[in-house]
>>> print(open('entry24.cif').read())   # mmCIF, C-alpha atoms
data_input
#
loop_
_atom_site.label_atom_id
_atom_site.label_comp_id
_atom_site.auth_asym_id
_atom_site.auth_seq_id
_atom_site.Cartn_x
_atom_site.Cartn_y
_atom_site.Cartn_z
CA MET A 1 -23.09 -29.52 9.54
CA GLU A 2 -22.52 -27.96 12.93
CA ILE A 3 -19.55 -25.97 11.62
CA GLU A 4 -21.58 -24.74 8.69
CA GLN A 5 -24.32 -23.45 11.01
CA ARG A 6 -21.82 -21.71 13.24
CA LEU A 7 -20.03 -20.17 10.28
CA ARG A 8 -23.34 -18.96 8.93
CA ALA A 9 -24.05 -17.24 12.26
CA VAL A 10 -20.57 -15.66 12.18
CA PHE A 11 -21.22 -14.23 8.71
CA VAL A 12 -24.63 -12.87 9.70
CA ALA A 13 -23.26 -11.20 12.83
CA ALA A 14 -19.95 -9.93 11.41
CA LEU A 15 -21.45 -8.51 8.22
CA ASP A 16 -24.60 -7.33 9.92
CA LEU A 17 -26.91 -9.31 7.63
CA GLY A 18 -30.53 -10.27 8.14
CA GLU A 19 -31.30 -13.70 9.65
CA ASP A 20 -32.78 -14.84 6.36
CA ALA A 21 -29.81 -13.71 4.25
CA ASP A 22 -28.66 -16.05 1.52
CA VAL A 23 -25.27 -16.54 3.18
CA GLU A 24 -24.29 -19.75 1.38
CA THR A 25 -23.93 -17.99 -1.97
CA LEU A 26 -22.13 -14.88 -0.69
CA GLU A 27 -18.97 -13.70 -2.37
CA TYR A 28 -16.43 -11.12 -1.22
CA ARG A 29 -17.38 -7.69 -2.54
CA GLY A 30 -20.56 -9.20 -3.98
CA ILE A 31 -22.64 -7.24 -1.48
CA GLU A 32 -22.13 -3.84 0.08
CA GLU A 33 -21.72 -5.25 3.60
CA TRP A 34 -18.85 -7.55 2.60
CA ASP A 35 -16.39 -4.85 1.56
CA SER A 36 -12.80 -4.61 2.74
CA VAL A 37 -13.82 -3.23 6.14
CA GLY A 38 -16.40 -5.99 6.54
CA HIS A 39 -13.72 -8.48 5.52
CA MET A 40 -11.52 -7.45 8.47
CA THR A 41 -14.40 -7.87 10.89
CA LEU A 42 -15.35 -11.20 9.35
CA VAL A 43 -11.83 -12.66 9.52
CA ALA A 44 -11.48 -11.65 13.17
CA ALA A 45 -14.89 -13.17 13.97
CA ILE A 46 -14.02 -16.46 12.26
CA GLU A 47 -10.73 -16.63 14.17
CA ASP A 48 -12.49 -16.01 17.48
CA GLU A 49 -15.37 -18.40 16.88
CA PHE A 50 -13.27 -21.36 15.74
CA ASP A 51 -10.06 -20.58 17.62
CA VAL A 52 -7.97 -20.65 14.44
CA GLN A 53 -5.41 -18.33 12.88
CA LEU A 54 -5.49 -17.44 9.21
CA ASP A 55 -2.27 -16.41 7.53
CA THR A 56 -2.13 -13.50 5.08
CA ASP A 57 -2.69 -15.58 1.94
CA GLN A 58 -5.70 -17.28 3.49
CA VAL A 59 -7.22 -13.90 4.33
CA LEU A 60 -6.74 -12.79 0.73
CA ASP A 61 -8.13 -16.08 -0.63
CA LEU A 62 -11.25 -15.95 1.50
CA SER A 63 -13.52 -14.97 -1.35
CA SER A 64 -16.81 -16.71 -0.58
CA PHE A 65 -18.78 -18.46 2.13
CA LYS A 66 -17.91 -21.76 0.53
CA VAL A 67 -14.16 -21.04 0.58
CA ALA A 68 -14.46 -19.94 4.22
CA LEU A 69 -16.22 -23.18 5.11
CA ASP A 70 -13.56 -25.34 3.45
CA LEU A 71 -10.83 -23.31 5.14
CA VAL A 72 -12.31 -23.58 8.62
CA ARG A 73 -12.74 -27.34 8.19
CA GLN A 74 -9.14 -27.64 7.01
CA LEU A 75 -7.73 -25.50 9.86
CA ARG A 76 -9.61 -27.49 12.46
CA GLY A 77 -8.26 -30.69 10.91
CA MET B 1 14.86 -10.82 -15.46
CA SER B 2 14.10 -7.83 -17.64
CA LEU B 3 10.68 -6.24 -17.32
CA VAL B 4 10.93 -4.75 -20.81
CA PRO B 5 9.01 -7.42 -22.79
CA GLU B 6 6.08 -7.32 -20.37
CA LEU B 7 6.09 -3.51 -20.24
CA ALA B 8 6.17 -3.30 -24.05
CA GLU B 9 3.24 -5.70 -24.20
CA LEU B 10 1.40 -3.59 -21.60
CA THR B 11 2.05 -0.42 -23.57
CA ALA B 12 0.52 -1.98 -26.70
CA TYR B 13 -2.33 -3.41 -24.59
CA HIS B 14 -3.24 0.00 -23.17
CA ARG B 15 -2.89 1.74 -26.55
CA GLU B 16 -5.46 -0.66 -27.94
CA ARG B 17 -7.91 -0.19 -25.09
CA CYS B 18 -7.50 3.44 -24.03
CA ALA B 19 -7.97 5.82 -26.95
CA GLU B 20 -6.77 8.83 -24.99
CA TYR B 21 -3.56 7.08 -23.97
CA ASP B 22 -2.99 6.09 -27.59
CA ARG B 23 -3.46 9.71 -28.69
CA ILE B 24 -1.00 10.98 -26.10
CA LEU B 25 1.61 8.42 -27.13
CA ALA B 26 1.08 9.18 -30.79
CA ALA B 27 1.58 12.90 -30.04
CA LEU B 28 4.80 12.08 -28.23
CA GLY B 29 5.96 10.05 -31.21
CA ALA B 30 6.37 6.95 -29.07
CA GLY B 31 7.60 3.88 -30.90
CA ASP B 32 6.85 0.28 -30.07
CA THR B 33 10.27 -1.25 -29.56
CA PHE B 34 12.25 -0.56 -26.41
CA ALA B 35 15.75 -1.68 -25.51
CA GLU B 36 15.50 -0.86 -21.83
CA VAL B 37 13.02 0.27 -19.19
CA ALA B 38 14.07 3.91 -19.54
CA ASP B 39 13.04 3.84 -23.23
CA LEU B 40 9.36 3.30 -22.48
CA PRO B 41 7.07 6.31 -22.89
CA TRP B 42 5.85 7.72 -19.59
CA LEU B 43 2.83 9.66 -18.48
CA PRO B 44 3.11 12.49 -15.95
CA VAL B 45 1.22 11.31 -12.91
CA ARG B 46 -0.89 14.48 -12.87
CA LEU B 47 -2.62 13.43 -16.10
CA PHE B 48 -4.80 11.21 -13.92
CA LYS B 49 -6.14 14.38 -12.31
CA THR B 50 -7.24 15.92 -15.58
CA HIS B 51 -8.03 12.88 -17.73
CA GLU B 52 -10.16 9.80 -17.23
CA LEU B 53 -7.67 7.21 -18.33
CA LYS B 54 -8.89 3.64 -18.25
CA SER B 55 -8.43 0.49 -20.30
CA ILE B 56 -11.64 -1.21 -19.28
CA PRO B 57 -15.24 -0.57 -20.35
CA ASP B 58 -17.36 1.48 -17.95
CA SER B 59 -19.44 -1.59 -17.15
CA GLU B 60 -16.34 -3.33 -15.75
CA VAL B 61 -15.35 -0.52 -13.36
CA PHE B 62 -15.43 -1.99 -9.90
CA ARG B 63 -13.61 0.58 -7.77
CA VAL B 64 -12.53 4.16 -8.39
CA LEU B 65 -9.62 5.25 -6.24
CA THR B 66 -8.92 8.90 -5.66
CA SER B 67 -5.76 10.56 -4.44
CA SER B 68 -5.65 13.19 -1.76
CA GLY B 69 -3.94 15.73 -3.96
CA THR B 70 -2.84 18.86 -2.17
CA THR B 71 -4.02 21.10 -4.98
CA GLY B 72 -6.79 20.89 -7.51
CA ALA B 73 -8.68 17.81 -8.59
CA PRO B 74 -7.72 14.39 -7.24
CA SER B 75 -6.41 11.60 -9.45
CA ARG B 76 -9.00 9.03 -10.45
CA ILE B 77 -7.83 5.44 -10.86
CA PHE B 78 -10.17 2.81 -12.26
CA LEU B 79 -9.98 -0.82 -11.23
CA ASP B 80 -11.94 -3.82 -12.41
CA LYS B 81 -12.34 -6.89 -10.20
CA ALA B 82 -9.20 -8.55 -11.52
CA ALA B 83 -7.10 -5.42 -10.96
CA ALA B 84 -8.42 -4.97 -7.42
CA ALA B 85 -7.50 -8.55 -6.58
CA ALA B 86 -4.10 -8.31 -8.30
CA GLN B 87 -3.04 -5.18 -6.42
CA THR B 88 -3.84 -6.76 -3.04
CA ARG B 89 -1.98 -9.91 -4.05
CA GLN B 90 1.16 -8.05 -5.17
CA LEU B 91 1.22 -5.77 -2.14
CA SER B 92 1.07 -8.90 -0.03
CA ALA B 93 3.90 -10.58 -1.92
CA THR B 94 6.05 -7.47 -1.46
CA LEU B 95 5.38 -7.08 2.26
CA GLN B 96 5.78 -10.75 3.09
CA ARG B 97 9.46 -10.20 2.46
CA VAL B 98 9.64 -8.31 5.76
CA LEU B 99 6.59 -9.67 7.58
CA GLY B 100 6.59 -13.35 6.67
CA PRO B 101 3.43 -15.34 5.91
CA SER B 102 1.62 -15.07 9.24
CA ARG B 103 -0.41 -12.11 10.39
CA LEU B 104 1.10 -10.41 13.41
CA PRO B 105 -0.75 -8.58 16.17
CA MET B 106 -1.08 -5.08 14.79
CA LEU B 107 -0.87 -1.63 16.29
CA VAL B 108 -2.33 0.99 13.98
CA VAL B 109 -1.10 4.51 14.61
CA ASP B 110 -4.37 6.13 13.61
CA ARG B 111 -8.00 6.26 14.70
CA LYS B 112 -10.36 3.37 14.03
CA SER B 113 -12.85 5.34 11.96
CA ILE B 114 -10.16 6.30 9.44
CA VAL B 115 -10.89 3.09 7.50
CA ARG B 116 -14.44 4.33 6.84
CA SER B 117 -13.20 7.62 5.44
CA SER B 118 -12.32 7.91 1.78
CA SER B 119 -8.93 9.45 2.53
CA ALA B 120 -5.54 8.19 1.40
CA ARG B 121 -4.80 7.55 5.07
CA GLY B 122 -7.87 5.37 5.35
CA ALA B 123 -6.99 3.44 2.22
CA GLY B 124 -3.47 2.91 3.52
CA VAL B 125 -4.65 1.54 6.85
CA LEU B 126 -7.24 -0.65 5.20
CA GLY B 127 -4.75 -2.06 2.71
CA MET B 128 -2.33 -2.87 5.49
CA ALA B 129 -4.90 -4.30 7.91
CA ASN B 130 -4.90 -7.63 6.04
CA PHE B 131 -1.37 -8.21 7.29
CA GLY B 132 -2.30 -7.95 10.96
CA ARG B 133 -4.67 -9.43 13.50
CA LYS B 134 -6.03 -8.25 16.85
CA HIS B 135 -5.86 -4.67 15.57
CA VAL B 136 -5.48 -1.96 18.18
CA TYR B 137 -5.73 1.71 17.23
CA LEU B 138 -3.41 4.09 19.05
CA LEU B 139 -5.51 7.20 18.53
CA ASP B 140 -8.98 7.84 19.87
CA GLU B 141 -11.66 9.49 17.77
CA SER B 142 -10.42 12.97 18.61
CA GLU B 143 -6.96 11.90 17.37
CA GLN B 144 -5.42 11.83 20.82
CA PRO B 145 -3.09 8.98 21.74
CA ASP B 146 -4.60 6.35 24.03
CA LEU B 147 -1.83 5.36 26.41
CA ALA B 148 -3.92 2.71 28.15
CA ALA B 149 -4.71 1.01 24.84
CA LEU B 150 -1.03 1.00 23.93
CA GLN B 151 -0.04 -0.45 27.29
CA ARG B 152 -2.70 -3.17 27.03
CA PHE B 153 -1.49 -4.02 23.52
CA LEU B 154 2.12 -4.30 24.71
CA ASP B 155 1.16 -6.31 27.81
CA THR B 156 -0.65 -8.81 25.60
CA HIS B 157 1.54 -8.88 22.48
CA GLY B 158 4.76 -7.03 23.29
CA GLY B 159 6.66 -10.23 24.02
CA GLU B 160 6.32 -11.58 20.48
CA PRO B 161 6.81 -9.98 17.06
CA PHE B 162 4.13 -7.41 16.33
CA LEU B 163 3.34 -5.11 13.45
CA VAL B 164 3.12 -1.34 13.75
CA PHE B 165 1.70 0.67 10.87
CA GLY B 166 1.05 4.35 10.41
CA PHE B 167 1.85 7.52 8.57
CA THR B 168 5.33 8.78 9.32
CA PHE B 169 4.39 12.00 11.07
CA LEU B 170 1.71 10.30 13.20
CA VAL B 171 4.13 7.55 14.18
CA TRP B 172 6.64 10.15 15.27
CA GLN B 173 4.29 12.61 16.88
CA TYR B 174 2.29 10.06 18.85
CA LEU B 175 3.93 6.65 19.10
CA TYR B 176 7.52 7.76 19.48
CA VAL B 177 6.76 10.54 21.92
CA LEU B 178 4.48 8.35 24.04
CA ALA B 179 6.87 5.39 24.10
CA ARG B 180 9.80 7.58 25.08
CA GLU B 181 7.91 9.45 27.78
CA HIS B 182 6.65 6.28 29.38
CA GLY B 183 9.68 4.10 28.78
CA LEU B 184 7.75 1.57 26.71
CA ASP B 185 9.55 -1.35 25.11
CA LEU B 186 8.84 -1.66 21.38
CA SER B 187 11.78 -3.96 20.65
CA ASN B 188 9.62 -6.74 19.18
CA GLY B 189 7.89 -4.40 16.78
CA ILE B 190 8.19 -4.26 13.01
CA LEU B 191 7.29 -0.75 11.90
CA ILE B 192 5.97 -0.09 8.41
CA HIS B 193 5.46 3.61 7.69
CA SER B 194 4.99 6.00 4.81
CA GLY B 195 3.93 9.52 4.00
CA GLY B 196 7.07 11.58 3.69
CA TRP B 197 9.17 13.82 5.87
CA LYS B 198 7.79 17.24 5.08
CA LYS B 199 5.77 17.51 8.27
CA LEU B 200 8.79 16.47 10.33
CA ALA B 201 11.30 18.77 8.67
CA ASP B 202 10.65 21.58 11.17
CA ARG B 203 11.60 19.17 13.96
CA ALA B 204 14.81 18.29 12.14
CA VAL B 205 13.80 14.66 11.92
CA ASP B 206 14.92 12.85 8.81
CA ASN B 207 14.99 9.14 8.12
CA ALA B 208 18.33 8.50 9.83
CA GLU B 209 17.33 10.46 12.92
CA PHE B 210 13.93 8.73 13.03
CA ARG B 211 15.57 5.30 12.97
CA ARG B 212 18.26 6.23 15.48
CA ARG B 213 15.89 7.73 18.03
CA PHE B 214 13.38 4.88 17.80
CA ALA B 215 16.18 2.35 18.31
CA GLU B 216 17.78 4.20 21.22
CA ASP B 217 14.66 5.30 23.05
CA THR B 218 12.19 2.46 22.42
CA GLY B 219 14.25 -0.50 21.21
CA LEU B 220 12.36 -0.54 17.90
CA ARG B 221 14.91 -1.42 15.23
CA ARG B 222 12.98 -3.23 12.53
CA ILE B 223 11.78 -0.19 10.59
CA HIS B 224 10.72 -0.09 6.96
CA ASN B 225 9.68 3.10 5.29
CA TYR B 226 7.92 2.65 1.97
CA TYR B 227 7.06 4.72 -1.08
CA GLY B 228 4.01 4.26 -3.22
CA MET B 229 1.10 6.16 -4.72
CA VAL B 230 -2.53 5.57 -5.53
CA GLU B 231 -1.78 5.98 -9.25
CA GLN B 232 0.21 2.76 -9.02
CA ILE B 233 -1.80 1.01 -6.34
CA GLY B 234 -0.35 -2.30 -5.13
CA THR B 235 3.23 -1.36 -6.02
CA VAL B 236 5.31 -0.26 -3.04
CA PHE B 237 9.02 0.36 -2.73
CA VAL B 238 10.17 -0.89 0.67
CA GLU B 239 13.16 0.26 2.67
CA GLY B 240 15.87 -2.31 3.36
CA PRO B 241 16.53 -3.53 6.94
CA SER B 242 19.50 -1.21 7.54
CA GLY B 243 17.77 1.85 6.09
CA ASP B 244 20.10 2.02 3.10
CA GLY B 245 17.36 2.93 0.63
CA LEU B 246 14.09 1.85 -0.97
CA TYR B 247 14.01 -1.29 -3.09
CA CYS B 248 11.85 -2.29 -6.06
CA PRO B 249 9.64 -5.37 -5.94
CA ASP B 250 10.53 -7.82 -8.73
CA PHE B 251 7.66 -6.61 -10.91
CA ALA B 252 8.62 -2.93 -10.66
CA ASP B 253 11.47 -0.51 -11.28
CA VAL B 254 12.35 3.16 -10.97
CA VAL B 255 14.13 5.48 -13.39
CA ILE B 256 15.64 8.73 -12.09
CA ARG B 257 15.45 11.36 -14.83
CA ASP B 258 17.22 14.63 -15.44
CA PRO B 259 14.43 17.26 -15.30
CA ARG B 260 15.99 19.20 -18.18
CA THR B 261 16.91 16.50 -20.70
CA TRP B 262 14.76 13.62 -19.33
CA ALA B 263 17.76 11.32 -19.77
CA GLU B 264 18.32 8.74 -17.04
CA GLN B 265 20.59 10.10 -14.33
CA PRO B 266 23.67 8.18 -13.26
CA VAL B 267 23.88 6.69 -9.77
CA GLY B 268 24.26 9.44 -7.18
CA VAL B 269 22.73 12.27 -9.22
CA PRO B 270 19.25 13.44 -8.13
CA GLY B 271 16.39 13.70 -10.58
CA VAL B 272 12.68 13.17 -11.09
CA ILE B 273 11.42 9.74 -10.06
CA GLU B 274 9.65 7.64 -12.67
CA VAL B 275 7.89 4.58 -11.26
CA VAL B 276 7.45 1.53 -13.44
CA SER B 277 5.31 -1.50 -12.67
CA THR B 278 3.83 -4.39 -14.62
CA LEU B 279 0.80 -4.35 -12.33
CA PRO B 280 -1.59 -1.75 -13.87
CA ARG B 281 -3.81 -3.45 -16.46
CA SER B 282 -7.10 -1.62 -15.97
CA TYR B 283 -5.59 1.83 -16.57
CA PRO B 284 -2.40 2.97 -18.35
CA GLY B 285 -0.35 3.59 -15.21
CA HIS B 286 2.55 1.22 -15.79
CA VAL B 287 5.11 3.98 -16.50
CA LEU B 288 4.55 7.19 -14.53
CA LEU B 289 6.67 10.25 -14.06
CA THR B 290 6.07 11.39 -10.48
CA GLU B 291 6.43 14.89 -9.05
CA ASP B 292 9.02 13.65 -6.57
CA LEU B 293 12.73 14.15 -6.57
CA GLY B 294 14.91 11.14 -5.82
CA VAL B 295 18.33 9.65 -6.18
CA CYS B 296 19.56 6.14 -6.96
CA HIS B 297 22.33 5.10 -4.57
CA GLY B 298 23.45 1.92 -6.23
CA ILE B 299 22.52 -1.38 -7.82
CA ASP B 300 23.09 -4.78 -6.21
CA ASP B 301 25.26 -3.22 -3.49
CA GLY B 302 22.93 -3.03 -0.48
CA ASP B 303 20.74 -5.04 1.91
CA TRP B 304 18.74 -6.64 -0.88
CA PRO B 305 19.50 -7.25 -4.56
CA GLY B 306 18.50 -4.60 -7.10
CA LYS B 307 18.34 -0.84 -7.30
CA ARG B 308 18.18 1.20 -4.10
CA PHE B 309 17.01 4.79 -4.03
CA THR B 310 15.81 7.58 -1.76
CA VAL B 311 12.97 10.04 -2.16
CA LEU B 312 14.30 13.56 -1.58
CA GLY B 313 11.02 15.48 -1.64
CA ARG B 314 8.67 17.24 -4.00
CA LEU B 315 9.81 18.77 -7.21
CA PRO B 316 9.64 22.58 -7.45
CA LYS B 317 6.36 23.49 -9.17
CA ALA B 318 7.77 25.14 -12.29
CA GLU B 319 9.61 22.02 -13.30
CA VAL B 320 6.54 19.87 -12.82
CA ARG B 321 4.51 22.14 -15.07
CA GLY B 322 7.27 21.78 -17.63
CA CYS B 323 6.86 18.03 -17.88
CA SER B 324 3.12 18.26 -18.17
CA ASP B 325 3.54 20.63 -21.10
CA THR B 326 5.68 18.05 -22.84
CA VAL B 327 2.67 15.79 -23.12
CA ALA B 328 0.11 18.47 -23.82
CA ALA B 329 2.17 19.65 -26.78
#
>>> encode(input="entry24.cif", output="structure tokens")
Amino acid sequence: MEIEQRLRAVFVAALDLGEDADVETLEYRGIEEWDSVGHMTLVAAIEDEFDVQLDTDQVLDLSSFKVALDLVRQLRG
Amino acid sequence: MSLVPELAELTAYHRERCAEYDRILAALGAGDTFAEVADLPWLPVRLFKTHELKSIPDSEVFRVLTSSGTTGAPSRIFLDKAAAAAQTRQLSATLQRVLGPSRLPMLVVDRKSIVRSSSARGAGVLGMANFGRKHVYLLDESEQPDLAALQRFLDTHGGEPFLVFGFTFLVWQYLYVLAREHGLDLSNGILIHSGGWKKLADRAVDNAEFRRRFAEDTGLRRIHNYYGMVEQIGTVFVEGPSGDGLYCPDFADVVIRDPRTWAEQPVGVPGVIEVVSTLPRSYPGHVLLTEDLGVCHGIDDGDWPGKRFTVLGRLPKAEVRGCSDTVAA
């Protein structure tokens, strides 16, 4: 639960969303803010917040909040 | 493995979905059986400037890419969601051959705001940014090199492999000059660059000279030029490690054609470059005659397996117009 809250905050900050944004259902390119430039910012923010490194395929696979959450959990073991 | 069956299927696929493409092929008298890649009907790349060619319904258009054509209208390339994802995926597969699976610290030889512009330069930087992390931009917003930023980047990341990306003339004009002047060590860098040599011709810098000077003056030896165009987004032809030519990814090919007879040229004889890729599914861009002149140096005789070729420059205008007329007829 704690990771999910932190990841939510990362999404809101990196993509410049409102506090009440429906982050849990977000998909890559589903909203204007999460375009390819936003994606770069988001990946960097996730790496900083959780002290993890995503490889290229993981960056390309990161297509939704849900996928991001599973990935962060997996990377943190 | 031959690409012909998949390309033949793609040709039929696009004829069914893009009425204009079907009309053009019918006018050319194109058949539907092909013995080899060179037998497939091609479109001159400039048709994408004058025609809206797409194989998806308007409601499925997700991104429209435009080229930065030097003259006249830009090309317009239509992608649906699947095509946008596929091009990123295939670009990644191609570049992982030289970069490996992990994202390296990345020095971008451009300004940060370029990614927000709709230029070809911006699209190039953005497409490549996925392959790096901790991005540092060499140029400030007035396009002046930022020596302090470069030194900080090298202090932090210079001791491990790092990625350098930029357009050829910017890389030369800014990174090379700065590194040489200040004796910077770029020996752990892997440079990926593109954009052609025209702007460097007046400085007498060609590919060989570029590689030699970078190696001697900065220690940077892992250099890969690449060739690609927006009309075949996601397909790039990457230079082998020793600089012995550009190579095709396994889903693509090139055919060098005689500009008078359109027959395929033998190895060593320059001609017009046709680029072939199984990637385009949202628009009929799988077989395109470019406006570039190139030469095939050999097959299965270089750094990597397959065909290796060099881009020699732009085709003289009259000849380009000639090939366009072929299709208009």
>>> interface_residues(input="entry24.cif", of="chain A", to="chain B", cutoff="8 Å", atoms="only C-alpha atoms", output="PyMOL selection string")
chain A and resi 36-37+40+44+54-57+59-60
>>> resolve_selection(input="entry24.cif", expression="the PyMOL selection byres ((chain B and resi 196) around 8)", output="list in words")
Thr168, Phe169, Ser194, Gly195, Trp197, Lys198, Lys199 and Gly313 of chain B
>>> atom_distance(input="entry24.cif", atom1="CA of Val205 (chain B)", atom2="CA of His193 (chain B)")
14.5 Å
>>> closest_residue(input="entry24.cif", among="B:Val136, B:Leu220, B:Val238, B:Val295", to="Asp258 (chain B)", atoms="all atoms listed in the file")
B:Val295
>>> resolve_selection(input="entry24.cif", expression="the PyMOL selection byres ((chain A and resi 20-29) around 6)", output="list of chain:residue names")
A:Gly18, A:Glu19, A:Gly30, A:Ile31, A:Trp34, A:Asp35, A:Ser63, A:Ser64, A:Phe65
>>> resolve_selection(input="entry24.cif", expression="the PyMOL selection byres ((chain A and resi 74) around 12)", output="compact mmCIF listing (two decimals) with C-alpha atoms, keeping the file's coordinate frame")
# COMPACT_ATOMS: atom_id res chain seq x y z
CA ILE A 3 -19.55 -25.97 11.62
CA PHE A 50 -13.27 -21.36 15.74
CA VAL A 52 -7.97 -20.65 14.44
CA GLN A 53 -5.41 -18.33 12.88
CA LEU A 54 -5.49 -17.44 9.21
CA GLN A 58 -5.70 -17.28 3.49
CA VAL A 67 -14.16 -21.04 0.58
CA ALA A 68 -14.46 -19.94 4.22
CA LEU A 69 -16.22 -23.18 5.11
CA ASP A 70 -13.56 -25.34 3.45
CA LEU A 71 -10.83 -23.31 5.14
CA VAL A 72 -12.31 -23.58 8.62
CA ARG A 73 -12.74 -27.34 8.19
CA LEU A 75 -7.73 -25.50 9.86
CA ARG A 76 -9.61 -27.49 12.46
CA GLY A 77 -8.26 -30.69 10.91
